[in-house]
Amino acid sequence: MQKLKNTFADAWRYRYLLQNLIMRDFKLKYRRSILGVAWSVLNPLLTCLVMYVVFGALMKGLRGEGISNFAAFLLIGQLLFNFFRESTAMAMESVLKNAPLLRKVYIPKYIFPLEKTCFGFVNCLFSFVALVLVLLFTWTPVSWGTLLLAVYPLVTLFLFNLGVGLLLAALYVFVRDIMHIWEVFCTLLVYGSAIFYDPNMMDGWVQWVIKFNPLYHYITAFRECVLWGIGLEAPRAVICLVCAVLSLTLGILVFKRTQDSFVLYM
Amino acid sequence: MERQPVISVENVSMRFNLAKEKHESLKEYFIALTHGGVRFDEFYALRDVSLTIMPGDFYGLIGLNGSGKSTLLKIIAGVYKPSQGRVTVRGTIAPLIELGAGFDMDLTARENIYLNGAVLGYTPKYIQSRFDEIVDFSELQNFLDVPLKNYSSGMVARLAFSVATITKPDILIADEILSVGDFLFQQKCEKRMAELMSGGTTVILVSHSIEQIERMCSKAAWLDHGVLRRDGAALPIAEEYRRFQKADSLAAKGEG
């Protein structure tokens with residue numbers, strides 16, 4: 001109990017470092033670019049446009065007929081998946097990249113994966129401007145009644161990402177192959193997260209596989225809140241929470257057990 | 001009332017696995033496994049070291065290169081966790097071990113002061129209140145909004161020293177970095193160090209200068225190949241250490 005209290009006191013003490021690191025990442029991301037922060041909005045818009053052309057026009061039959069507002073449907077999937085991919089990939093490298101710092105002064109090591117997940121979250125929030133633009137442009141009706149509930153899948157996804165990020169960051173210190181495996185795995189995951197198609201038109205076994213993908217549930221829960229006015233349904237809400245808790249527990253356990261030997265492998 | 005030690009080091013050992021070859025990918029690892037196993041050379045940087053440091057002590061750490069002085073400092077500062085043993089620290093530590101930890105070369109000096117301050121655990125409010133003092137001391141007023149990559153190494157060192165020494169800690173750990181920059185700035189640094197070390201601050205100082213140890217320290221600890229050879233009053237130990245240097249054969253037969 002005392003240990004837990006110490007951990008929280010420690011985290012509280014270093015909150016400014018967290019804040020500083022996030023600000024640094026944000027400044028450096030857009031330094032020397034003419035459009036600056038606008039890229040946070042433009043980037044997902046353009047990517048979405050490409051996918052819209054590919055799956056909306058060229059391969060129309062693939063996406064299924066059940067989707068009415070395809071642009072918004074696509075963009076939501078795209079944004080949330082990017083949040084996952086970006087923050088986990090950055091978190092994975094974060095501990096090792098800060099090796100020079102960790103070898104010099106005492107800093108709680110989890111602050112780096114945590115910072116990257118927060119940074120990914122901030123980026124994700126900025127890119128929601130793109131979503132608003134698309135919603136306005138395509139004149140998609142937004143379900144106002146359930147809009148605020150969309151916070152729930154976002155927050156649980158944040159925790160889920162944090163857990164995965166902690167786990168990857170710890171493993172990456174010892175085995176560098178993880179990075180390549182994770183890249184390929186994420187590419188595979190894009191197709192299994194129902195970002196640009198309606199899962200109901202898939203074969204039975206594919207549907208079954210998709211249902212085991214936590215990201216599918218976060219993305220769908222968000223769509224249900226923003227687009228479809230269904231709001232949060234109990235089973236999906238529970239799945240989102242359970243996945244977040246499981247991932248976070250596993251991440252924290254592995255990170256905690258291995259963190260003392262990080263310095264010896266960096 | 002019995003005085004409590006500010007730092008107590010109890011039976012601390014530090015073991016490093018010096019892998020003959022480093023296996024950083026699975027392929028390398030499996031190849032090594034099939035070629036007769038993964039070998040690690042165990043290396044003890046410290047063996048069963050115990051030290052008690054009381055408030056106000058001015059402790060000098062002496063020993064040859066590779067005797068474990070820096071490792072011990074890093075363990076006290078919390079960078080390393082000892083393989084065995086325990087370290088208890090009561091009070092705030094200012095580690096002047098390596099300056100400028102966390103400086104980002106792409107950021108400006110102004111931004112780096114806040115970042116580096118946060119790394120050292122200061123609040124933004126505190127840095128804000130001492131900001132002018134930091135800038136004044138570093139004499140870098142005209143370069144505040146220049147990215148650090150455009151600084152000369154001397155300028156970076158000056159900035160780092162100014163940020164690191166802004167607070168008066170309970171415990172000051174210094175690894176030979178008593179002064180940086182040109183000779184004028186070095187004099188300023190020495191004055192600042194003297195200020196920090198005065199008034200009851202506990203100091204642990206690593207130095208290769210026996211004169212410095214004799215002049216400044218009240219107590220000394222002598223590390224030899226990771227083993228604590230002597231600790232106690234500074235003068236006799238410094239005297240013995242000086243003789244030891246001459247008879248260098250002793251170093252060769254130390255534990256390793």
# chains A, B, ... in the order shown; residues from 1 in each chain; ligands from 1
>>> interface_residues(of="chain A", to="chain B", cutoff="8 Å", atoms="only C-alpha atoms", output="ChimeraX atom specification")
/A:13-14,16-17,20-21,24,28,100-107,174-177,260,263-264
>>> write_last_selection(atoms="C-alpha atoms", output="short mmCIF file (atom, residue, chain, number, x, y, z; two decimals), in the first residue's frame")
data_model
loop_
_atom_site.label_atom_id
_atom_site.label_comp_id
_atom_site.auth_asym_id
_atom_site.auth_seq_id
_atom_site.Cartn_x
_atom_site.Cartn_y
_atom_site.Cartn_z
CA ARG A 13 6.09 14.92 -8.93
CA TYR A 14 7.03 14.32 -12.54
CA TYR A 16 5.63 18.72 -15.35
CA LEU A 17 8.19 16.59 -17.08
CA ASN A 20 7.17 19.38 -21.04
CA LEU A 21 7.90 16.28 -23.08
CA ARG A 24 8.48 19.30 -26.97
CA LEU A 28 9.32 19.54 -32.96
CA PRO A 100 21.19 8.57 -22.58
CA LEU A 101 18.83 10.31 -20.18
CA LEU A 102 17.98 7.20 -18.17
CA ARG A 103 21.64 6.43 -17.69
CA LYS A 104 22.28 9.84 -16.18
CA VAL A 105 19.47 10.82 -13.88
CA TYR A 106 16.68 9.10 -12.04
CA ILE A 107 13.38 9.43 -13.84
CA PHE A 174 15.68 -6.72 -24.83
CA VAL A 175 14.72 -7.83 -28.34
CA ARG A 176 14.87 -5.33 -31.19
CA ASP A 177 13.02 -7.63 -33.60
CA ASP A 260 15.34 -2.40 -13.19
CA VAL A 263 19.92 0.18 -17.91
CA LEU A 264 21.98 -2.96 -18.28
#
>>> select_by_dssp(residues="region 132-245 of chain B", states="helix (DSSP H, G or I)", output="NGL selection string")
:B and (132-138 or 141-143 or 148-150 or 153-164 or 183-197 or 210-216 or 234-245)
>>> residues_around(residues="Asn11 (chain B)", least_positions_apart="2", cutoff="7 Å", atoms="only C-alpha atoms", output="PDB file with N, CA and C atoms, in the first residue's frame")
ATOM      1  N   VAL B   9      24.182   3.118   2.825  1.00  0.00           N
ATOM      2  CA  VAL B   9      24.431   2.110   1.804  1.00  0.00           C
ATOM      3  C   VAL B   9      24.720   0.826   2.547  1.00  0.00           C
ATOM      4  N   SER B  13      25.982  -4.614  -3.730  1.00  0.00           N
ATOM      5  CA  SER B  13      26.792  -5.174  -4.804  1.00  0.00           C
ATOM      6  C   SER B  13      26.124  -4.815  -6.120  1.00  0.00           C
ATOM      7  N   ASP B  48      29.700  -5.743  -2.037  1.00  0.00           N
ATOM      8  CA  ASP B  48      29.431  -5.687  -0.606  1.00  0.00           C
ATOM      9  C   ASP B  48      29.947  -4.389   0.028  1.00  0.00           C
ATOM     10  N   VAL B  49      29.512  -3.273  -0.535  1.00  0.00           N
ATOM     11  CA  VAL B  49      29.952  -1.974  -0.029  1.00  0.00           C
ATOM     12  C   VAL B  49      28.938  -1.432   0.970  1.00  0.00           C
ATOM     13  N   SER B  50      29.393  -1.019   2.124  1.00  0.00           N
ATOM     14  CA  SER B  50      28.519  -0.380   3.102  1.00  0.00           C
ATOM     15  C   SER B  50      29.111   0.967   3.502  1.00  0.00           C
ATOM     16  N   GLY B  85      21.695  -5.767  -1.848  1.00  0.00           N
ATOM     17  CA  GLY B  85      21.873  -4.711  -0.853  1.00  0.00           C
ATOM     18  C   GLY B  85      20.827  -3.626  -0.978  1.00  0.00           C
ATOM     19  N   ARG B  86      20.985  -2.587  -0.163  1.00  0.00           N
ATOM     20  CA  ARG B  86      19.937  -1.588  -0.061  1.00  0.00           C
ATOM     21  C   ARG B  86      20.545  -0.207   0.128  1.00  0.00           C
TER      22      ARG B  86
END
>>> closest_atom_pairs(of="region 171-241 of chain A", to="region 79-94 of chain A", cutoff="12 Å", atoms="only C-alpha atoms", output="JSON lines")
{"residue": "A:Leu171", "atom": "CA", "partner": "A:Met92", "partner_atom": "CA", "distance": 8.2}
{"residue": "A:Tyr172", "atom": "CA", "partner": "A:Met92", "partner_atom": "CA", "distance": 6.3}
{"residue": "A:Val173", "atom": "CA", "partner": "A:Glu93", "partner_atom": "CA", "distance": 8.3}
{"residue": "A:Phe174", "atom": "CA", "partner": "A:Met92", "partner_atom": "CA", "distance": 11.5}
{"residue": "A:Val175", "atom": "CA", "partner": "A:Met92", "partner_atom": "CA", "distance": 11.2}
{"residue": "A:Arg176", "atom": "CA", "partner": "A:Glu93", "partner_atom": "CA", "distance": 9.5}
{"residue": "A:Asp177", "atom": "CA", "partner": "A:Met92", "partner_atom": "CA", "distance": 11.5}
{"residue": "A:Ile178", "atom": "CA", "partner": "A:Met92", "partner_atom": "CA", "distance": 8.7}
{"residue": "A:Met179", "atom": "CA", "partner": "A:Met92", "partner_atom": "CA", "distance": 7.6}
{"residue": "A:His180", "atom": "CA", "partner": "A:Ala89", "partner_atom": "CA", "distance": 10.3}
{"residue": "A:Ile181", "atom": "CA", "partner": "A:Ala89", "partner_atom": "CA", "distance": 11.1}
{"residue": "A:Trp182", "atom": "CA", "partner": "A:Ala89", "partner_atom": "CA", "distance": 7.9}
{"residue": "A:Glu183", "atom": "CA", "partner": "A:Ala89", "partner_atom": "CA", "distance": 8.1}
{"residue": "A:Val184", "atom": "CA", "partner": "A:Arg85", "partner_atom": "CA", "distance": 11.2}
{"residue": "A:Phe185", "atom": "CA", "partner": "A:Arg85", "partner_atom": "CA", "distance": 10.1}
{"residue": "A:Cys186", "atom": "CA", "partner": "A:Arg85", "partner_atom": "CA", "distance": 6.8}
{"residue": "A:Thr187", "atom": "CA", "partner": "A:Arg85", "partner_atom": "CA", "distance": 9.3}
{"residue": "A:Leu188", "atom": "CA", "partner": "A:Arg85", "partner_atom": "CA", "distance": 11.6}
{"residue": "A:Leu189", "atom": "CA", "partner": "A:Phe81", "partner_atom": "CA", "distance": 9.1}
{"residue": "A:Val190", "atom": "CA", "partner": "A:Phe81", "partner_atom": "CA", "distance": 7.5}
{"residue": "A:Tyr191", "atom": "CA", "partner": "A:Phe81", "partner_atom": "CA", "distance": 10.8}
{"residue": "A:Gly192", "atom": "CA", "partner": "A:Phe81", "partner_atom": "CA", "distance": 10.9}
{"residue": "A:Ser193", "atom": "CA", "partner": "A:Phe81", "partner_atom": "CA", "distance": 8.1}
{"residue": "A:Ala194", "atom": "CA", "partner": "A:Phe81", "partner_atom": "CA", "distance": 10.2}
{"residue": "A:Ile195", "atom": "CA", "partner": "A:Phe81", "partner_atom": "CA", "distance": 8.1}
{"residue": "A:Phe196", "atom": "CA", "partner": "A:Phe81", "partner_atom": "CA", "distance": 11.4}
{"residue": "A:Asn213", "atom": "CA", "partner": "A:Phe81", "partner_atom": "CA", "distance": 11.9}
{"residue": "A:Pro214", "atom": "CA", "partner": "A:Phe84", "partner_atom": "CA", "distance": 10.9}
{"residue": "A:Leu215", "atom": "CA", "partner": "A:Phe81", "partner_atom": "CA", "distance": 7.3}
{"residue": "A:Tyr216", "atom": "CA", "partner": "A:Phe81", "partner_atom": "CA", "distance": 9.1}
{"residue": "A:His217", "atom": "CA", "partner": "A:Leu80", "partner_atom": "CA", "distance": 10.9}
{"residue": "A:Tyr218", "atom": "CA", "partner": "A:Leu80", "partner_atom": "CA", "distance": 8.0}
{"residue": "A:Ile219", "atom": "CA", "partner": "A:Leu80", "partner_atom": "CA", "distance": 6.4}
{"residue": "A:Thr220", "atom": "CA", "partner": "A:Leu80", "partner_atom": "CA", "distance": 10.1}
{"residue": "A:Ala221", "atom": "CA", "partner": "A:Leu80", "partner_atom": "CA", "distance": 11.0}
{"residue": "A:Phe222", "atom": "CA", "partner": "A:Leu80", "partner_atom": "CA", "distance": 8.9}
{"residue": "A:Arg223", "atom": "CA", "partner": "A:Leu80", "partner_atom": "CA", "distance": 10.5}
>>> write_last_selection(atoms="N, CA and C atoms", output="short mmCIF file (atom, residue, chain, number, x, y, z; two decimals), in the first residue's frame")
data_model
loop_
_atom_site.label_atom_id
_atom_site.label_comp_id
_atom_site.auth_asym_id
_atom_site.auth_seq_id
_atom_site.Cartn_x
_atom_site.Cartn_y
_atom_site.Cartn_z
N LEU A 171 9.66 -4.95 -23.90
CA LEU A 171 10.20 -6.03 -24.72
C LEU A 171 11.26 -5.50 -25.69
N TYR A 172 11.02 -4.30 -26.20
CA TYR A 172 11.91 -3.74 -27.22
C TYR A 172 13.32 -3.51 -26.67
N VAL A 173 13.43 -3.25 -25.39
CA VAL A 173 14.76 -3.05 -24.80
C VAL A 173 15.60 -4.32 -24.94
N PHE A 174 14.93 -5.46 -24.81
CA PHE A 174 15.68 -6.72 -24.83
C PHE A 174 15.79 -7.33 -26.23
N VAL A 175 14.72 -7.22 -27.00
CA VAL A 175 14.72 -7.83 -28.34
C VAL A 175 14.28 -6.81 -29.37
N ARG A 176 15.19 -6.40 -30.24
CA ARG A 176 14.87 -5.33 -31.19
C ARG A 176 13.99 -5.81 -32.34
N ASP A 177 13.84 -7.13 -32.50
CA ASP A 177 13.02 -7.63 -33.60
C ASP A 177 11.57 -7.19 -33.47
N ILE A 178 11.17 -6.92 -32.23
CA ILE A 178 9.78 -6.58 -31.96
C ILE A 178 9.28 -5.50 -32.91
N MET A 179 10.15 -4.54 -33.23
CA MET A 179 9.73 -3.41 -34.04
C MET A 179 9.23 -3.88 -35.40
N HIS A 180 9.99 -4.78 -36.04
CA HIS A 180 9.61 -5.23 -37.37
C HIS A 180 8.36 -6.09 -37.30
N ILE A 181 8.31 -6.94 -36.28
CA ILE A 181 7.14 -7.80 -36.13
C ILE A 181 5.89 -6.94 -35.95
N TRP A 182 6.04 -5.90 -35.12
CA TRP A 182 4.89 -5.05 -34.81
C TRP A 182 4.40 -4.29 -36.03
N GLU A 183 5.34 -3.83 -36.86
CA GLU A 183 4.95 -3.12 -38.08
C GLU A 183 4.08 -4.00 -38.96
N VAL A 184 4.55 -5.23 -39.19
CA VAL A 184 3.80 -6.15 -40.04
C VAL A 184 2.46 -6.48 -39.41
N PHE A 185 2.50 -6.70 -38.10
CA PHE A 185 1.27 -7.05 -37.39
C PHE A 185 0.23 -5.93 -37.54
N CYS A 186 0.69 -4.68 -37.45
CA CYS A 186 -0.24 -3.55 -37.57
C CYS A 186 -0.83 -3.48 -38.97
N THR A 187 -0.01 -3.77 -39.97
CA THR A 187 -0.52 -3.77 -41.34
C THR A 187 -1.61 -4.81 -41.50
N LEU A 188 -1.38 -5.97 -40.89
CA LEU A 188 -2.39 -7.03 -40.92
C LEU A 188 -3.65 -6.56 -40.21
N LEU A 189 -3.43 -5.87 -39.09
CA LEU A 189 -4.55 -5.47 -38.24
C LEU A 189 -5.46 -4.46 -38.95
N VAL A 190 -4.88 -3.65 -39.84
CA VAL A 190 -5.69 -2.67 -40.58
C VAL A 190 -6.86 -3.37 -41.25
N TYR A 191 -6.56 -4.53 -41.83
CA TYR A 191 -7.60 -5.23 -42.59
C TYR A 191 -8.58 -5.93 -41.68
N GLY A 192 -8.20 -6.15 -40.46
CA GLY A 192 -9.08 -6.87 -39.55
C GLY A 192 -9.85 -5.97 -38.60
N SER A 193 -9.81 -4.67 -38.84
CA SER A 193 -10.47 -3.75 -37.90
C SER A 193 -11.71 -3.10 -38.49
N ALA A 194 -12.17 -3.58 -39.63
CA ALA A 194 -13.39 -3.05 -40.25
C ALA A 194 -13.31 -1.54 -40.40
N ILE A 195 -12.19 -1.07 -40.96
CA ILE A 195 -12.04 0.37 -41.15
C ILE A 195 -12.78 0.82 -42.40
N PHE A 196 -12.68 0.04 -43.48
CA PHE A 196 -13.26 0.49 -44.74
C PHE A 196 -14.28 -0.49 -45.30
N ASN A 213 -10.96 -8.89 -32.31
CA ASN A 213 -10.03 -7.78 -32.41
C ASN A 213 -10.54 -6.60 -31.57
N PRO A 214 -9.84 -6.28 -30.50
CA PRO A 214 -10.32 -5.20 -29.61
C PRO A 214 -10.55 -3.89 -30.36
N LEU A 215 -9.67 -3.60 -31.34
CA LEU A 215 -9.77 -2.33 -32.06
C LEU A 215 -11.10 -2.21 -32.78
N TYR A 216 -11.58 -3.31 -33.30
CA TYR A 216 -12.87 -3.30 -33.98
C TYR A 216 -13.95 -2.77 -33.03
N HIS A 217 -13.88 -3.20 -31.79
CA HIS A 217 -14.91 -2.79 -30.82
C HIS A 217 -14.80 -1.32 -30.45
N TYR A 218 -13.56 -0.83 -30.29
CA TYR A 218 -13.40 0.60 -29.97
C TYR A 218 -13.92 1.45 -31.12
N ILE A 219 -13.54 1.08 -32.33
CA ILE A 219 -13.95 1.86 -33.51
C ILE A 219 -15.47 1.81 -33.67
N THR A 220 -16.02 0.62 -33.53
CA THR A 220 -17.47 0.48 -33.71
C THR A 220 -18.24 1.22 -32.63
N ALA A 221 -17.74 1.15 -31.40
CA ALA A 221 -18.42 1.87 -30.30
C ALA A 221 -18.43 3.36 -30.59
N PHE A 222 -17.33 3.87 -31.11
CA PHE A 222 -17.26 5.29 -31.44
C PHE A 222 -18.25 5.65 -32.55
N ARG A 223 -18.32 4.79 -33.56
CA ARG A 223 -19.28 5.03 -34.65
C ARG A 223 -20.70 4.98 -34.13
#
>>> residues_around(residues="Ala45 (chain B)", least_positions_apart="3", cutoff="8 Å", atoms="only C-alpha atoms", output="list in words")
Ser13, Met14, Arg15, Phe16, Gly66, Ser67, Gly68, Thr71, His225 and Gly226 of chain B
>>> write_last_selection(atoms="C-alpha atoms", output="PDB file, in the first residue's frame")
ATOM      1  CA  SER B  13      26.792  -5.174  -4.804  1.00  0.00           C
ATOM      2  CA  MET B  14      26.379  -4.272  -8.446  1.00  0.00           C
ATOM      3  CA  ARG B  15      26.715  -6.943 -11.073  1.00  0.00           C
ATOM      4  CA  PHE B  16      26.875  -6.221 -14.769  1.00  0.00           C
ATOM      5  CA  GLY B  66      37.203   1.590 -12.918  1.00  0.00           C
ATOM      6  CA  SER B  67      37.112   1.125  -9.165  1.00  0.00           C
ATOM      7  CA  GLY B  68      33.340   1.701  -9.009  1.00  0.00           C
ATOM      8  CA  THR B  71      28.648   3.292 -10.216  1.00  0.00           C
ATOM      9  CA  HIS B 225      38.154  -2.767  -7.736  1.00  0.00           C
ATOM     10  CA  GLY B 226      34.657  -2.465  -6.361  1.00  0.00           C
TER      11      GLY B 226
END
>>> residues_around(residues="Asn69 (chain A)", least_positions_apart="2", cutoff="12 Å", atoms="only C-alpha atoms", output="VMD selection string")
chain A and resid 52 56 65 to 67 71 to 76 134 to 142 196 to 198 223 226 to 228
>>> write_last_selection(atoms="C-alpha atoms", output="PDB file, in the first residue's frame")
ATOM      1  CA  TYR A  52     -12.360   6.931 -50.206  1.00  0.00           C
ATOM      2  CA  GLY A  56     -15.570   4.034 -52.597  1.00  0.00           C
ATOM      3  CA  GLU A  65     -23.840  -1.793 -49.154  1.00  0.00           C
ATOM      4  CA  GLY A  66     -24.775  -1.341 -45.521  1.00  0.00           C
ATOM      5  CA  ILE A  67     -22.731   1.838 -45.065  1.00  0.00           C
ATOM      6  CA  ALA A  71     -16.623   9.098 -45.762  1.00  0.00           C
ATOM      7  CA  ALA A  72     -17.318   9.642 -42.062  1.00  0.00           C
ATOM      8  CA  PHE A  73     -17.401   5.877 -41.431  1.00  0.00           C
ATOM      9  CA  LEU A  74     -13.988   5.555 -43.036  1.00  0.00           C
ATOM     10  CA  LEU A  75     -12.424   8.526 -41.302  1.00  0.00           C
ATOM     11  CA  ILE A  76     -13.454   7.414 -37.815  1.00  0.00           C
ATOM     12  CA  VAL A 134     -16.017  15.782 -43.254  1.00  0.00           C
ATOM     13  CA  LEU A 135     -19.254  15.605 -41.286  1.00  0.00           C
ATOM     14  CA  LEU A 136     -20.095  19.166 -42.337  1.00  0.00           C
ATOM     15  CA  PHE A 137     -19.038  18.705 -45.932  1.00  0.00           C
ATOM     16  CA  THR A 138     -20.969  15.484 -46.487  1.00  0.00           C
ATOM     17  CA  TRP A 139     -23.863  16.858 -44.453  1.00  0.00           C
ATOM     18  CA  THR A 140     -23.916  13.704 -42.355  1.00  0.00           C
ATOM     19  CA  PRO A 141     -26.469  13.815 -39.560  1.00  0.00           C
ATOM     20  CA  VAL A 142     -24.733  13.562 -36.198  1.00  0.00           C
ATOM     21  CA  PHE A 196     -13.259   0.494 -44.739  1.00  0.00           C
ATOM     22  CA  TYR A 197     -15.809  -2.315 -45.011  1.00  0.00           C
ATOM     23  CA  ASP A 198     -18.906  -3.601 -43.354  1.00  0.00           C
ATOM     24  CA  ARG A 223     -19.280   5.028 -34.653  1.00  0.00           C
ATOM     25  CA  VAL A 226     -21.315   9.584 -33.223  1.00  0.00           C
ATOM     26  CA  LEU A 227     -22.948   8.320 -36.415  1.00  0.00           C
ATOM     27  CA  TRP A 228     -25.609   5.797 -35.671  1.00  0.00           C
TER      28      TRP A 228
END
>>> residues_around(residues="Cys243 (chain A)", least_positions_apart="2", cutoff="10 Å", atoms="only C-alpha atoms", output="VMD selection string")
chain A and resid 156 to 157 159 to 160 163 213 to 215 217 to 218 238 to 241 245 to 249
